Amino acid sequence: MAWEEEPFLAAGERLRALLKEVKRVIVGQDHLLERMLVALLARGHLLIEGVPGLAKTLAVKTLAQAVGGSFKRIQFTPDLVPADLLGTRIYNPKEGEFRTELGPIFAHLLLADEINRAPAKVQSALLEAMQERQVTLGKETYPLPKPFLVLATQNPIESEGTYPLPEAQLDRFLLKVVVGYPAFHEELLIVGRMTTGEEIQVAQVLSLEEVLELSRLADRVYVHPKVAEHAVALVQATRDLERAGLKELKPFVAYGASPRASLALVQGAKALALVRGRAHALPEDVRDLYLDALRHRVILSYQALAEGVRVEDVLEAVLKHLPPPFVPLHDPYGDARSPLGPPGA
């Protein structure tokens with residue numbers, strides 16, 4: 001079946017134009033910005049870990065402006081209750097009836113700042129919204145706007161007054177990105193901008209309808225059977241390290257990644273391929289996303305914590321041990337055998 005490359009090439013150009021506009025405001029953070037687009041196109045959510053002052057909030061706000069979407073920021077605190085996030089029903093004594101006040105979660109891009117500072121009841125209030133794209137208040141269910149993207153941040157250097165996210169909620173995040181410090185020349189540019197009072201106006205590059213259209217186009221990106229098999233093999237290796245040939249790492253992992261990790265790798269690879277202007281996903285797309293898709297899904301053992309073994313150490317060893325497969329450009333059987341459908345399906 002003939003496969004049109006032009007829509008995907010054009011989509012890649014539009015997405016790169018969007019990134020270029022956001023980078024007019026955000027210095028560095030190329031990895032974070034690309035992963036934000038991947039999460040948006042794959043209809044997933046993003047967990048961002050980094051110390052304060054790395055422009056995480058500004059990056060989300062700038063992306064919302066560039067796509068013409070609404071942006072809300074919620075500062076999570078220990079005294080927050082679910083109604084502060086979702087909304088509540090208020091009784092009006094004059095009219096003798098209840099009315100619904102929708103909470104700040106009803107936004108296209110929601111920044112859940114320092115999500116690990118809120119207790120479990122508030123964290124779990126996000127689960128229905130993240131998974132079902134809806135909120136239930138009383139007997140009524142309210143759909144969230146489309147697109148809907150949760151970007152949650154957590155501070156890795158403070159433990160006092162924080163509540164670790166439960167594994168069930170961590171698994172709902174498509175990717176977890178660790179944001180590092182800027183390079184010398186990037187920090188110098190940041191200082192120059194902030195001390196001169198320079199303010200850059202962000203232009204809207206895409207509309208919300210165009211974002212939804214691009215998300216549907218990402219669904220059509222072709223995934224070769226060998227690419228899907230490689231993604232599943234990389235995930236299953238974390239569950240059975242001995243079988244994968246990494247017996248020495250087995251004592252360091254208590255629980256491997258769930259099947260959601262395989263879904264995240266394939267869905268994310270399709271979105272990443274579209275960002276890069278391709279109609280097909282490559283093994284390199286899967287491997288590029290591997291750390292971000294699994295670092296929050298693999299649970300280390302106490303022995304790993306005692307010996308200072310990081311989850312990234314385990315994942316990088318898996319990547320090194322399982323090389324990418326050779327994917328032929330023209331496979332006469334690829335279309336029929338693909339578990340993800342033929343090109344153009």
# chains A, B, ... in the order shown; residues from 1 in each chain; ligands from 1
>>> select_by_dssp(residues="region 3-214 of chain A", states="alpha helix (DSSP H)", output="VMD selection string")
chain A and resid 6 to 23 30 to 41 56 to 66 82 to 86 120 to 132 167 to 170 184 to 196 208 to 214
>>> residues_around(residues="region 297-307 of chain A", least_positions_apart="5", cutoff="9 Å", atoms="only C-alpha atoms", output="list in words")
Glu167, Leu170, Asp171, Thr238, Arg239, Pro251, Phe252, Val253, Ala254, Tyr255, Gly256, Ala257, Ser258, Arg260, Ala261 and Leu315 of chain A
>>> residues_around(residues="region 62-75 of chain A", least_positions_apart="3", cutoff="8 Å", atoms="only C-alpha atoms", output="ChimeraX atom specification")
/A:18,21-22,25,58-59,85,104-105,107-115,202-208,211
>>> select_by_dssp(residues="region 110-256 of chain A", states="strand (DSSP E)", output="list in words")
Leu110, Leu111, Ala112, Asp113, Gln134, Val135, Thr136, Leu137, Glu140, Thr141, Tyr142, Pro143, Leu149, Val150, Leu151, Ala152, Thr153, Gln154, Leu175, Lys176, Val177, Val178, Val253, Ala254 and Tyr255 of chain A
>>> write_last_selection(atoms="N, CA and C atoms", output="PDB file, in the first residue's frame")
ATOM      1  N   LEU A 110      -2.475  21.691  32.612  1.00  0.00           N
ATOM      2  CA  LEU A 110      -2.541  21.857  34.061  1.00  0.00           C
ATOM      3  C   LEU A 110      -1.174  21.575  34.654  1.00  0.00           C
ATOM      4  N   LEU A 111      -0.641  22.554  35.393  1.00  0.00           N
ATOM      5  CA  LEU A 111       0.624  22.365  36.086  1.00  0.00           C
ATOM      6  C   LEU A 111       0.336  22.035  37.540  1.00  0.00           C
ATOM      7  N   ALA A 112       0.630  20.802  37.927  1.00  0.00           N
ATOM      8  CA  ALA A 112       0.491  20.376  39.321  1.00  0.00           C
ATOM      9  C   ALA A 112       1.854  20.543  39.978  1.00  0.00           C
ATOM     10  N   ASP A 113       2.057  21.700  40.587  1.00  0.00           N
ATOM     11  CA  ASP A 113       3.380  22.061  41.101  1.00  0.00           C
ATOM     12  C   ASP A 113       3.640  21.390  42.439  1.00  0.00           C
ATOM     13  N   GLN A 134     -12.191  12.984  32.662  1.00  0.00           N
ATOM     14  CA  GLN A 134     -13.448  13.483  33.191  1.00  0.00           C
ATOM     15  C   GLN A 134     -13.347  13.630  34.692  1.00  0.00           C
ATOM     16  N   VAL A 135     -14.281  14.398  35.267  1.00  0.00           N
ATOM     17  CA  VAL A 135     -14.334  14.627  36.710  1.00  0.00           C
ATOM     18  C   VAL A 135     -15.759  14.384  37.169  1.00  0.00           C
ATOM     19  N   THR A 136     -15.919  13.652  38.253  1.00  0.00           N
ATOM     20  CA  THR A 136     -17.238  13.381  38.809  1.00  0.00           C
ATOM     21  C   THR A 136     -17.433  14.182  40.086  1.00  0.00           C
ATOM     22  N   LEU A 137     -18.482  15.007  40.101  1.00  0.00           N
ATOM     23  CA  LEU A 137     -18.849  15.806  41.278  1.00  0.00           C
ATOM     24  C   LEU A 137     -20.277  15.448  41.649  1.00  0.00           C
ATOM     25  N   GLU A 140     -22.962  14.023  38.975  1.00  0.00           N
ATOM     26  CA  GLU A 140     -22.708  14.528  37.622  1.00  0.00           C
ATOM     27  C   GLU A 140     -21.252  14.274  37.219  1.00  0.00           C
ATOM     28  N   THR A 141     -21.084  13.977  35.938  1.00  0.00           N
ATOM     29  CA  THR A 141     -19.758  13.786  35.375  1.00  0.00           C
ATOM     30  C   THR A 141     -19.498  14.865  34.338  1.00  0.00           C
ATOM     31  N   TYR A 142     -18.352  15.518  34.447  1.00  0.00           N
ATOM     32  CA  TYR A 142     -18.025  16.640  33.565  1.00  0.00           C
ATOM     33  C   TYR A 142     -16.779  16.294  32.739  1.00  0.00           C
ATOM     34  N   PRO A 143     -16.891  16.357  31.417  1.00  0.00           N
ATOM     35  CA  PRO A 143     -15.715  16.065  30.585  1.00  0.00           C
ATOM     36  C   PRO A 143     -14.700  17.202  30.661  1.00  0.00           C
ATOM     37  N   LEU A 149      -3.678  17.956  29.317  1.00  0.00           N
ATOM     38  CA  LEU A 149      -2.338  17.479  29.651  1.00  0.00           C
ATOM     39  C   LEU A 149      -1.976  17.902  31.071  1.00  0.00           C
ATOM     40  N   VAL A 150      -1.630  16.937  31.912  1.00  0.00           N
ATOM     41  CA  VAL A 150      -1.165  17.209  33.272  1.00  0.00           C
ATOM     42  C   VAL A 150       0.354  17.152  33.271  1.00  0.00           C
ATOM     43  N   LEU A 151       0.975  18.227  33.716  1.00  0.00           N
ATOM     44  CA  LEU A 151       2.419  18.257  33.905  1.00  0.00           C
ATOM     45  C   LEU A 151       2.669  18.490  35.387  1.00  0.00           C
ATOM     46  N   ALA A 152       3.115  17.448  36.045  1.00  0.00           N
ATOM     47  CA  ALA A 152       3.331  17.497  37.491  1.00  0.00           C
ATOM     48  C   ALA A 152       4.816  17.626  37.778  1.00  0.00           C
ATOM     49  N   THR A 153       5.147  18.463  38.751  1.00  0.00           N
ATOM     50  CA  THR A 153       6.547  18.627  39.134  1.00  0.00           C
ATOM     51  C   THR A 153       6.744  18.119  40.552  1.00  0.00           C
ATOM     52  N   GLN A 154       7.943  17.632  40.822  1.00  0.00           N
ATOM     53  CA  GLN A 154       8.285  17.281  42.197  1.00  0.00           C
ATOM     54  C   GLN A 154       9.733  17.656  42.458  1.00  0.00           C
ATOM     55  N   LEU A 175       5.521   9.700  30.803  1.00  0.00           N
ATOM     56  CA  LEU A 175       6.964   9.870  30.898  1.00  0.00           C
ATOM     57  C   LEU A 175       7.324  10.591  32.199  1.00  0.00           C
ATOM     58  N   LYS A 176       8.527  10.338  32.665  1.00  0.00           N
ATOM     59  CA  LYS A 176       9.095  11.123  33.768  1.00  0.00           C
ATOM     60  C   LYS A 176      10.425  11.691  33.294  1.00  0.00           C
ATOM     61  N   VAL A 177      10.518  13.010  33.296  1.00  0.00           N
ATOM     62  CA  VAL A 177      11.704  13.699  32.797  1.00  0.00           C
ATOM     63  C   VAL A 177      12.449  14.315  33.975  1.00  0.00           C
ATOM     64  N   VAL A 178      13.746  14.085  34.022  1.00  0.00           N
ATOM     65  CA  VAL A 178      14.598  14.694  35.042  1.00  0.00           C
ATOM     66  C   VAL A 178      15.286  15.901  34.414  1.00  0.00           C
ATOM     67  N   VAL A 253      16.380  -5.056  41.713  1.00  0.00           N
ATOM     68  CA  VAL A 253      15.036  -4.699  41.239  1.00  0.00           C
ATOM     69  C   VAL A 253      13.994  -5.515  41.992  1.00  0.00           C
ATOM     70  N   ALA A 254      13.089  -4.811  42.679  1.00  0.00           N
ATOM     71  CA  ALA A 254      12.004  -5.484  43.395  1.00  0.00           C
ATOM     72  C   ALA A 254      10.844  -5.798  42.467  1.00  0.00           C
ATOM     73  N   TYR A 255      10.464  -4.821  41.635  1.00  0.00           N
ATOM     74  CA  TYR A 255       9.368  -5.004  40.679  1.00  0.00           C
ATOM     75  C   TYR A 255       9.742  -4.349  39.359  1.00  0.00           C
TER      76      TYR A 255
END
>>> closest_residue(among="A:Lys139, A:Arg220, A:Arg35, A:Arg117", to="Pro156 (chain A)", atoms="only C-alpha atoms")
A:Arg117
>>> atom_distance(atom1="CA of Leu241 (chain A)", atom2="CA of His45 (chain A)")
28.0 Å
>>> atom_distance(atom1="CA of Arg287 (chain A)", atom2="CA of Ala11 (chain A)")
22.3 Å
>>> residues_around(residues="Lys121 (chain A)", least_positions_apart="6", cutoff="12 Å", atoms="only C-alpha atoms", output="ChimeraX atom specification")
/A:78-85,115,127,163,165-166,169
>>> write_last_selection(atoms="C-alpha atoms", output="PDB file, in the first residue's frame")
ATOM      1  CA  PRO A  78      -0.355  19.442  52.728  1.00  0.00           C
ATOM      2  CA  ASP A  79      -3.654  21.191  53.541  1.00  0.00           C
ATOM      3  CA  LEU A  80      -5.063  20.919  49.993  1.00  0.00           C
ATOM      4  CA  VAL A  81      -8.347  19.003  49.645  1.00  0.00           C
ATOM      5  CA  PRO A  82      -9.783  17.374  46.482  1.00  0.00           C
ATOM      6  CA  ALA A  83     -12.428  20.103  46.110  1.00  0.00           C
ATOM      7  CA  ASP A  84      -9.643  22.690  45.681  1.00  0.00           C
ATOM      8  CA  LEU A  85      -8.573  20.782  42.591  1.00  0.00           C
ATOM      9  CA  ILE A 115       2.604  17.221  43.538  1.00  0.00           C
ATOM     10  CA  LEU A 127      -6.460   9.612  38.794  1.00  0.00           C
ATOM     11  CA  TYR A 163       4.247  12.327  50.362  1.00  0.00           C
ATOM     12  CA  LEU A 165       3.418   9.269  44.901  1.00  0.00           C
ATOM     13  CA  PRO A 166       1.769   5.818  44.980  1.00  0.00           C
ATOM     14  CA  GLN A 169      -0.439   7.004  40.098  1.00  0.00           C
TER      15      GLN A 169
END
>>> residues_around(residues="region 230-234 of chain A", least_positions_apart="3", cutoff="8 Å", atoms="only C-alpha atoms", output="PDB file with N, CA and C atoms, in the first residue's frame")
ATOM      1  N   LYS A 226       9.025  -5.463  14.323  1.00  0.00           N
ATOM      2  CA  LYS A 226      10.286  -5.599  15.050  1.00  0.00           C
ATOM      3  C   LYS A 226      10.493  -4.451  16.027  1.00  0.00           C
ATOM      4  N   VAL A 227       9.972  -3.272  15.710  1.00  0.00           N
ATOM      5  CA  VAL A 227      10.060  -2.135  16.631  1.00  0.00           C
ATOM      6  C   VAL A 227       9.193  -2.396  17.856  1.00  0.00           C
ATOM      7  N   ALA A 237      12.458  -7.236  30.066  1.00  0.00           N
ATOM      8  CA  ALA A 237      13.773  -7.473  30.658  1.00  0.00           C
ATOM      9  C   ALA A 237      13.841  -6.963  32.091  1.00  0.00           C
ATOM     10  N   THR A 238      13.087  -5.903  32.412  1.00  0.00           N
ATOM     11  CA  THR A 238      13.106  -5.372  33.778  1.00  0.00           C
ATOM     12  C   THR A 238      12.383  -6.298  34.751  1.00  0.00           C
ATOM     13  N   SER A 262       5.187  -0.664  28.082  1.00  0.00           N
ATOM     14  CA  SER A 262       5.246  -1.025  26.662  1.00  0.00           C
ATOM     15  C   SER A 262       4.352  -0.110  25.838  1.00  0.00           C
ATOM     16  N   LEU A 265       6.020   3.274  25.541  1.00  0.00           N
ATOM     17  CA  LEU A 265       7.137   3.277  24.590  1.00  0.00           C
ATOM     18  C   LEU A 265       6.642   3.354  23.153  1.00  0.00           C
ATOM     19  N   VAL A 266       5.620   2.559  22.827  1.00  0.00           N
ATOM     20  CA  VAL A 266       5.125   2.543  21.446  1.00  0.00           C
ATOM     21  C   VAL A 266       4.374   3.829  21.120  1.00  0.00           C
ATOM     22  N   PRO A 283      13.540   1.961  15.862  1.00  0.00           N
ATOM     23  CA  PRO A 283      14.012   1.471  17.167  1.00  0.00           C
ATOM     24  C   PRO A 283      14.687   2.563  17.991  1.00  0.00           C
ATOM     25  N   VAL A 286      12.228   4.381  20.193  1.00  0.00           N
ATOM     26  CA  VAL A 286      11.925   3.608  21.401  1.00  0.00           C
ATOM     27  C   VAL A 286      13.047   3.745  22.425  1.00  0.00           C
ATOM     28  N   VAL A 318      20.287  -2.511  30.615  1.00  0.00           N
ATOM     29  CA  VAL A 318      19.358  -3.242  29.740  1.00  0.00           C
ATOM     30  C   VAL A 318      19.501  -2.760  28.300  1.00  0.00           C
ATOM     31  N   LEU A 319      19.569  -1.457  28.107  1.00  0.00           N
ATOM     32  CA  LEU A 319      19.740  -0.911  26.755  1.00  0.00           C
ATOM     33  C   LEU A 319      21.023  -1.415  26.106  1.00  0.00           C
ATOM     34  N   LEU A 322      20.627  -5.223  25.191  1.00  0.00           N
ATOM     35  CA  LEU A 322      19.665  -5.554  24.130  1.00  0.00           C
ATOM     36  C   LEU A 322      19.818  -4.544  22.995  1.00  0.00           C
ATOM     37  N   PRO A 324      19.501  -2.607  19.316  1.00  0.00           N
ATOM     38  CA  PRO A 324      18.327  -2.388  18.463  1.00  0.00           C
ATOM     39  C   PRO A 324      18.296  -3.385  17.311  1.00  0.00           C
ATOM     40  N   PRO A 325      17.115  -3.808  16.887  1.00  0.00           N
ATOM     41  CA  PRO A 325      17.011  -4.745  15.773  1.00  0.00           C
ATOM     42  C   PRO A 325      17.218  -4.050  14.436  1.00  0.00           C
TER      43      PRO A 325
END
>>> atom_distance(atom1="CA of Leu102 (chain A)", atom2="CA of Pro147 (chain A)")
17.5 Å
>>> residues_around(residues="Gly180 (chain A)", least_positions_apart="2", cutoff="9 Å", atoms="only C-alpha atoms", output="PyMOL selection string")
chain A and resi 29+49-51+54+178+182
>>> closest_residue(among="A:Asn155, A:Val27, A:Ala168, A:Phe106", to="Ser124 (chain A)", atoms="only C-alpha atoms")
A:Ala168
>>> closest_residue(among="A:Pro7, A:Gly53, A:Gly268, A:Gly44", to="Ile190 (chain A)", atoms="only C-alpha atoms")
A:Gly53
>>> closest_residue(among="A:Ala118, A:Ala317, A:Leu217, A:Leu33", to="Ala273 (chain A)", atoms="only C-alpha atoms")
A:Leu217
